[in-house]
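Student: So here's my_file-v5.json (JSON, C-alpha atoms).
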[["chain", "number", "residue", "atom", "x", "y", "z"],
["A", 1, "MET", "CA", 84.11, 105.18, 85.61],
["A", 2, "GLY", "CA", 82.90, 108.57, 86.64],
["A", 3, "ALA", "CA", 79.99, 107.03, 88.46],
["A", 4, "SER", "CA", 81.03, 106.24, 91.99],
["A", 5, "GLY", "CA", 80.91, 102.55, 91.33],
["A", 6, "GLY", "CA", 82.92, 101.42, 94.29],
["A", 7, "PRO", "CA", 81.56, 98.90, 96.74],
["A", 8, "ARG", "CA", 79.27, 100.43, 99.32],
["A", 9, "LEU", "CA", 80.84, 100.33, 102.72],
["A", 10, "SER", "CA", 79.10, 99.02, 105.80],
["A", 11, "GLY", "CA", 79.32, 100.95, 109.04],
["A", 12, "MET", "CA", 81.77, 98.46, 110.40],
["A", 13, "GLN", "CA", 83.99, 98.69, 107.34],
["A", 14, "LYS", "CA", 84.03, 102.44, 107.74],
["A", 15, "GLN", "CA", 85.16, 102.03, 111.31],
["A", 16, "VAL", "CA", 87.99, 99.77, 110.22],
["A", 17, "LEU", "CA", 89.12, 102.21, 107.56],
["A", 18, "SER", "CA", 88.88, 105.06, 110.02],
["A", 19, "LEU", "CA", 91.06, 103.15, 112.46],
["A", 20, "TYR", "CA", 93.57, 102.46, 109.71],
["A", 21, "ARG", "CA", 93.62, 106.15, 108.86],
["A", 22, "GLY", "CA", 94.14, 106.95, 112.53],
["A", 23, "PHE", "CA", 97.20, 104.71, 112.66],
["A", 24, "LEU", "CA", 98.70, 106.26, 109.55],
["A", 25, "ARG", "CA", 98.11, 109.72, 110.97],
["A", 26, "ALA", "CA", 99.71, 108.80, 114.27],
["A", 27, "ALA", "CA", 102.70, 107.37, 112.43],
["A", 28, "ARG", "CA", 103.32, 110.73, 110.81],
["A", 29, "SER", "CA", 104.23, 112.22, 114.16],
["A", 30, "LYS", "CA", 107.13, 109.82, 114.63],
["A", 31, "SER", "CA", 110.61, 110.00, 113.18],
["A", 32, "ALA", "CA", 110.97, 109.03, 109.54],
["A", 33, "GLU", "CA", 112.54, 105.73, 110.40],
["A", 34, "ASP", "CA", 109.97, 104.78, 113.03],
["A", 35, "ARG", "CA", 107.20, 105.93, 110.77],
["A", 36, "LEU", "CA", 108.19, 103.51, 108.02],
["A", 37, "LYS", "CA", 108.38, 100.66, 110.48],
["A", 38, "ILE", "CA", 105.02, 101.49, 112.01],
["A", 39, "GLU", "CA", 103.39, 101.82, 108.61],
["A", 40, "SER", "CA", 104.63, 98.48, 107.42],
["A", 41, "ILE", "CA", 103.55, 96.69, 110.59],
["A", 42, "VAL", "CA", 100.12, 98.33, 110.64],
["A", 43, "SER", "CA", 99.54, 97.73, 106.97],
["A", 44, "ALA", "CA", 100.56, 94.07, 107.23],
["A", 45, "GLU", "CA", 98.32, 93.57, 110.25],
["A", 46, "PHE", "CA", 95.25, 95.09, 108.61],
["A", 47, "ARG", "CA", 95.79, 93.13, 105.43],
["A", 48, "ARG", "CA", 96.34, 89.90, 107.27],
["A", 49, "ASN", "CA", 93.11, 90.35, 109.20],
["A", 50, "SER", "CA", 91.21, 91.43, 106.12],
["A", 51, "LYS", "CA", 92.04, 88.08, 104.55],
["A", 52, "GLN", "CA", 91.76, 85.84, 107.58],
["A", 53, "VAL", "CA", 88.83, 87.20, 109.49],
["A", 54, "ASP", "CA", 85.36, 86.26, 108.36],
["A", 55, "ARG", "CA", 83.58, 89.51, 107.62],
["A", 56, "LYS", "CA", 80.39, 88.16, 109.16],
["A", 57, "ASN", "CA", 82.10, 87.49, 112.45],
["A", 58, "PHE", "CA", 80.92, 90.77, 113.90],
["A", 59, "LEU", "CA", 81.83, 90.00, 117.49],
["A", 60, "TYR", "CA", 85.41, 89.27, 116.58],
["A", 61, "VAL", "CA", 85.71, 92.33, 114.33],
["A", 62, "GLU", "CA", 84.29, 94.46, 117.15],
["A", 63, "TYR", "CA", 86.89, 92.98, 119.46],
["A", 64, "LEU", "CA", 89.69, 93.76, 117.00],
["A", 65, "LEU", "CA", 88.39, 97.29, 116.61],
["A", 66, "ARG", "CA", 88.47, 97.83, 120.36],
["A", 67, "LEU", "CA", 91.95, 96.36, 120.58],
["A", 68, "GLY", "CA", 93.12, 98.54, 117.72],
["A", 69, "LYS", "CA", 91.74, 101.71, 119.26],
["A", 70, "LYS", "CA", 93.56, 100.96, 122.48],
["A", 71, "GLN", "CA", 96.82, 100.39, 120.62],
["A", 72, "LEU", "CA", 96.28, 103.55, 118.63],
["A", 73, "ASN", "CA", 95.89, 105.58, 121.80],
["A", 74, "GLN", "CA", 99.16, 104.20, 123.07],
["A", 75, "LEU", "CA", 100.85, 104.97, 119.80],
["A", 76, "LYS", "CA", 99.64, 108.56, 119.92],
["A", 77, "SER", "CA", 101.59, 109.20, 123.08],
["A", 78, "PRO", "CA", 104.81, 111.02, 122.23],
["A", 79, "ASP", "CA", 106.74, 108.55, 124.36],
["A", 80, "THR", "CA", 105.83, 105.65, 122.12],
["A", 81, "ILE", "CA", 108.22, 105.32, 119.26],
["A", 82, "GLY", "CA", 107.17, 102.05, 117.76],
["A", 83, "LEU", "CA", 104.87, 99.10, 117.60],
["A", 84, "SER", "CA", 105.51, 95.45, 117.89],
["A", 85, "SER", "CA", 103.08, 93.01, 116.46],
["A", 86, "LEU", "CA", 101.58, 90.29, 118.57],
["A", 87, "ASP", "CA", 102.69, 87.06, 117.00],
["A", 88, "ILE", "CA", 105.82, 87.68, 115.01],
["A", 89, "SER", "CA", 108.74, 89.10, 116.90],
["A", 90, "VAL", "CA", 109.24, 92.38, 115.18],
["A", 91, "SER", "CA", 109.96, 93.79, 118.58],
["A", 92, "GLU", "CA", 113.51, 94.80, 118.90],
["A", 93, "THR", "CA", 115.50, 96.15, 121.74],
["A", 94, "LYS", "CA", 117.24, 99.40, 121.20],
["A", 95, "SER", "CA", 120.87, 98.95, 122.04],
["A", 96, "PRO", "CA", 121.69, 101.14, 125.01],
["A", 97, "LYS", "CA", 123.86, 104.08, 124.15],
["A", 98, "PRO", "CA", 127.14, 104.07, 126.05],
["B", 99, "MET", "CA", 147.99, 145.55, 107.34],
["B", 100, "ALA", "CA", 148.42, 142.61, 109.62],
["B", 101, "LEU", "CA", 146.07, 144.25, 112.03],
["B", 102, "ARG", "CA", 143.44, 144.75, 109.34],
["B", 103, "ALA", "CA", 143.64, 141.13, 108.26],
["B", 104, "ALA", "CA", 143.31, 140.02, 111.82],
["B", 105, "VAL", "CA", 140.25, 142.16, 112.35],
["B", 106, "LEU", "CA", 138.63, 140.91, 109.15],
["B", 107, "ARG", "CA", 139.22, 137.34, 110.09],
["B", 108, "HIS", "CA", 137.84, 137.98, 113.48],
["B", 109, "VAL", "CA", 134.70, 139.53, 112.08],
["B", 110, "ARG", "CA", 134.08, 136.87, 109.51],
["B", 111, "VAL", "CA", 134.31, 133.85, 111.75],
["B", 112, "PRO", "CA", 131.17, 134.34, 113.82],
["B", 113, "VAL", "CA", 129.10, 135.15, 110.75],
["B", 114, "GLN", "CA", 130.17, 131.96, 109.05],
["B", 115, "THR", "CA", 129.32, 129.78, 111.99],
["B", 116, "LEU", "CA", 125.97, 131.48, 112.26],
["B", 117, "THR", "CA", 124.91, 130.69, 108.73],
["B", 118, "ARG", "CA", 126.25, 127.18, 108.94],
["B", 119, "THR", "CA", 124.24, 126.26, 111.99],
["B", 120, "GLY", "CA", 121.30, 128.03, 110.42],
["B", 121, "THR", "CA", 121.17, 125.76, 107.40],
["B", 122, "LYS", "CA", 121.95, 122.71, 109.40],
["B", 123, "SER", "CA", 118.97, 123.01, 111.68],
["B", 124, "ARG", "CA", 116.40, 123.27, 108.95],
["B", 125, "PRO", "CA", 113.49, 121.14, 109.96],
["B", 126, "TRP", "CA", 112.76, 119.51, 106.61],
["B", 127, "GLY", "CA", 112.50, 115.81, 107.13],
["B", 128, "PRO", "CA", 114.07, 113.47, 104.63],
["B", 129, "ASN", "CA", 110.71, 112.20, 103.53],
["B", 130, "CYS", "CA", 109.07, 115.38, 102.38],
["B", 131, "GLY", "CA", 109.47, 114.93, 98.69],
["B", 132, "SER", "CA", 109.35, 118.48, 97.50],
["B", 133, "ILE", "CA", 110.50, 121.43, 99.50],
["B", 134, "ARG", "CA", 107.94, 124.16, 99.29],
["B", 135, "PHE", "CA", 108.13, 127.33, 101.29],
["B", 136, "LEU", "CA", 105.11, 128.80, 102.96],
["B", 137, "SER", "CA", 103.10, 129.77, 99.96],
["B", 138, "SER", "CA", 101.06, 132.91, 99.79],
["B", 139, "HIS", "CA", 97.32, 132.69, 99.85],
["B", 140, "ASP", "CA", 96.78, 134.74, 96.73],
["B", 141, "ASP", "CA", 97.77, 132.25, 94.13],
["B", 142, "HIS", "CA", 95.24, 129.49, 94.41],
["B", 143, "LEU", "CA", 96.18, 126.30, 92.69],
["B", 144, "THR", "CA", 95.19, 126.02, 89.08],
["B", 145, "LYS", "CA", 93.20, 123.06, 87.94],
["B", 146, "GLU", "CA", 96.08, 121.85, 85.77],
["B", 147, "GLU", "CA", 98.44, 121.95, 88.69],
["B", 148, "VAL", "CA", 96.03, 119.99, 90.88],
["B", 149, "ILE", "CA", 95.55, 117.39, 88.15],
["B", 150, "ASP", "CA", 99.28, 117.03, 87.58],
["B", 151, "ARG", "CA", 100.11, 116.62, 91.22],
["B", 152, "VAL", "CA", 97.23, 114.25, 91.96],
["B", 153, "LEU", "CA", 98.23, 112.05, 89.05],
["B", 154, "SER", "CA", 101.87, 112.00, 90.05],
["B", 155, "VAL", "CA", 100.98, 110.99, 93.61],
["B", 156, "VAL", "CA", 98.77, 108.20, 92.32],
["B", 157, "LYS", "CA", 101.39, 107.05, 89.82],
["B", 158, "SER", "CA", 104.02, 106.82, 92.50],
["B", 159, "PHE", "CA", 101.91, 104.40, 94.52],
["B", 160, "PRO", "CA", 103.85, 101.12, 94.47],
["B", 161, "LYS", "CA", 100.98, 98.84, 93.50],
["B", 162, "ILE", "CA", 99.85, 100.93, 90.56],
["B", 163, "ASP", "CA", 100.94, 100.61, 86.96],
["B", 164, "PRO", "CA", 101.65, 104.27, 86.14],
["B", 165, "SER", "CA", 100.66, 103.84, 82.51],
["B", 166, "LYS", "CA", 97.07, 103.11, 83.56],
["B", 167, "VAL", "CA", 96.64, 106.34, 85.48],
["B", 168, "THR", "CA", 94.46, 108.97, 83.85],
["B", 169, "PRO", "CA", 92.30, 111.66, 85.45],
["B", 170, "ASN", "CA", 89.29, 109.41, 85.01],
["B", 171, "VAL", "CA", 90.41, 106.21, 86.69],
["B", 172, "HIS", "CA", 88.55, 104.74, 89.60],
["B", 173, "PHE", "CA", 90.98, 103.44, 92.23],
["B", 174, "GLN", "CA", 89.30, 100.15, 93.00],
["B", 175, "ASN", "CA", 87.46, 99.39, 89.75],
["B", 176, "ASP", "CA", 90.19, 100.36, 87.30],
["B", 177, "LEU", "CA", 93.42, 100.04, 89.21],
["B", 178, "GLY", "CA", 92.62, 96.92, 91.19],
["B", 179, "LEU", "CA", 93.16, 98.47, 94.60],
["B", 180, "ASP", "CA", 91.35, 97.54, 97.79],
["B", 181, "SER", "CA", 89.80, 99.84, 100.36],
["B", 182, "LEU", "CA", 92.95, 99.91, 102.47],
["B", 183, "ASP", "CA", 94.97, 101.06, 99.45],
["B", 184, "ASN", "CA", 92.31, 103.69, 98.89],
["B", 185, "VAL", "CA", 92.92, 105.03, 102.39],
["B", 186, "GLU", "CA", 96.66, 105.13, 101.75],
["B", 187, "ILE", "CA", 96.25, 107.08, 98.53],
["B", 188, "VAL", "CA", 93.98, 109.66, 100.11],
["B", 189, "MET", "CA", 96.46, 110.02, 102.96],
["B", 190, "ALA", "CA", 99.28, 110.56, 100.48],
["B", 191, "LEU", "CA", 97.22, 113.24, 98.75],
["B", 192, "GLU", "CA", 96.62, 114.90, 102.12],
["B", 193, "GLU", "CA", 100.34, 115.16, 102.63],
["B", 194, "GLU", "CA", 101.03, 116.38, 99.12],
["B", 195, "PHE", "CA", 98.51, 119.22, 99.43],
["B", 196, "LYS", "CA", 98.99, 119.88, 103.16],
["B", 197, "LEU", "CA", 95.40, 119.06, 103.99],
["B", 198, "GLU", "CA", 93.57, 117.09, 106.57],
["B", 199, "ILE", "CA", 90.58, 115.41, 104.98],
["B", 200, "PRO", "CA", 87.92, 114.32, 107.47],
["B", 201, "ASP", "CA", 86.84, 110.66, 107.45],
["B", 202, "LYS", "CA", 83.45, 111.40, 105.97],
["B", 203, "GLU", "CA", 84.96, 113.09, 102.95],
["B", 204, "ALA", "CA", 87.88, 110.73, 102.65],
["B", 205, "ASP", "CA", 85.57, 107.72, 102.38],
["B", 206, "LYS", "CA", 83.95, 109.27, 99.32],
["B", 207, "ILE", "CA", 87.16, 109.90, 97.40],
["B", 208, "ASP", "CA", 87.50, 106.77, 95.31],
["B", 209, "SER", "CA", 88.69, 108.08, 91.95],
["B", 210, "CYS", "CA", 91.19, 110.54, 90.54],
["B", 211, "ASN", "CA", 88.32, 112.72, 89.40],
["B", 212, "LEU", "CA", 86.79, 113.07, 92.84],
["B", 213, "ALA", "CA", 90.19, 113.68, 94.39],
["B", 214, "ILE", "CA", 90.93, 116.44, 91.88],
["B", 215, "GLU", "CA", 87.53, 118.07, 92.45],
["B", 216, "TYR", "CA", 87.82, 117.93, 96.21],
["B", 217, "ILE", "CA", 91.33, 119.35, 96.31],
["B", 218, "TYR", "CA", 90.67, 121.99, 93.70],
["B", 219, "ASN", "CA", 87.68, 123.25, 95.66],
["B", 220, "HIS", "CA", 89.46, 123.16, 98.99],
["B", 221, "PRO", "CA", 90.49, 126.65, 100.10],
["B", 222, "MET", "CA", 93.51, 125.46, 102.05],
["B", 223, "ALA", "CA", 95.07, 123.21, 99.44],
["B", 224, "GLY", "CA", 98.65, 124.29, 98.89]]
Once you've parsed the file, please lay out its structure as structure tokens.

Tutor:
Amino acid sequence: MGASGGPRLSGMQKQVLSLYRGFLRAARSKSAEDRLKIESIVSAEFRRNSKQVDRKNFLYVEYLLRLGKKQLNQLKSPDTIGLSSLDISVSETKSPKP
Amino acid sequence: MALRAAVLRHVRVPVQTLTRTGTKSRPWGPNCGSIRFLSSHDDHLTKEEVIDRVLSVVKSFPKIDPSKVTPNVHFQNDLGLDSLDNVEIVMALEEEFKLEIPDKEADKIDSCNLAIEYIYNHPMAG
């Protein structure tokens, strides 16, 4: 137990985890409600890809990493309050205040 | 007498509104579990306190069976978590102890023991 017996991480895996961490950090700067939404979308997206994407498909993982970094930069902007995922319509329109 | 009462009422009103708005605008978000005021630097956390708080953070993680959590458990080997869960736990510990753990360190923290050691030795842990 005490021995650090976890799986050794490849460089690419570290990048993925670092990106995930970046998203969770960015989510902290949003309102509590938005934060929960962002966290659940991000977590679902990473888990989905971790199951579906072949870990040897380096080109595709690189592509996803680039895409994720771009989305993360957008999320970091204070004007961005939420995320919407690509395929499923989590996107919602805020009802305009009268 | 009537004058005195009127003056008292007049004096009291602004004070009351002041305190009321004061408490209302406290910036604690609804999701910060425990309210802790800015702690002084003198009292560094004791080891027992670090252990207690690390374990309670880990136990509150939804995917974990709290009865399995001891100071010696390894997150992925013993608790059946994956590397993404591991990231989430370390992030939760960051928030609990008001730290920012750099990626390089965070990747190494994969057990309660290592988390306790890291936090206990961190000068800014609060």

Student: Select residues of chain A: the criterion is any atom within 12 Å of an atom of chain B, counting only C-alpha atoms; output as JSON, numbers by chain.

Tutor: {"A": [1, 2, 3, 4, 5, 6, 7, 8, 9, 10, 11, 13, 14, 15, 16, 17, 18, 19, 20, 21, 22, 23, 24, 25, 26, 27, 28, 29, 30, 31, 32, 33, 35, 36, 39, 40, 42, 43, 44, 45, 46, 47, 48, 49, 50, 51]}

Student: Step by step, gather every atom of region 202-214 of chain B that the file lists, find the box along x, y and z that holds them, add 8 Å on each side, and finally give centre and edge lengths in Å to one decimal, as AutoDock Vina command-line options.

Tutor:
--center_x 87.3 --center_y 111.6 --center_z 97.7 --size_x 23.7 --size_y 25.7 --size_z 32.6

Student: Could you jot down the CA of Lys161 (chain B) to CA of Gln52 (chain A) separation for me, Å, one decimal place?

Tutor: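 Atom-to-atom, CA of Lys161 (chain B) and CA of Gln52 (chain A) are spaced 21.3 Å apart.
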
Student: Could you work out how far CA of Ile41 (chain A) lies from CA of Pro78 (chain A), giving the answer in Å with one decimal?

Tutor: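 Taking CA of Pro78 (chain A) and CA of Ile41 (chain A), their separation equals 18.5 Å.
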
Student: To one decimal in Å, tell me the separation between CA of Asp150 (chain B) and CA of Glu215 (chain B).

Tutor: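 Here the two named atoms are 12.8 Å from each other.
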
Student: Residues proximal to (96.0, 126.1, 93.5) were defined as those with any atom within 10 Å of that point in the file's coordinates, counting all atoms listed in the file. Which are they, as a list in words?

Tutor: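 Those residues, ordered by chain and then number, are His139, Asp140, Asp141, His142, Leu143, Thr144, Lys145, Glu146, Glu147, Val148, Phe195, Ile217, Tyr218, Asn219, His220, Pro221, Met222, Ala223 and Gly224 of chain B.
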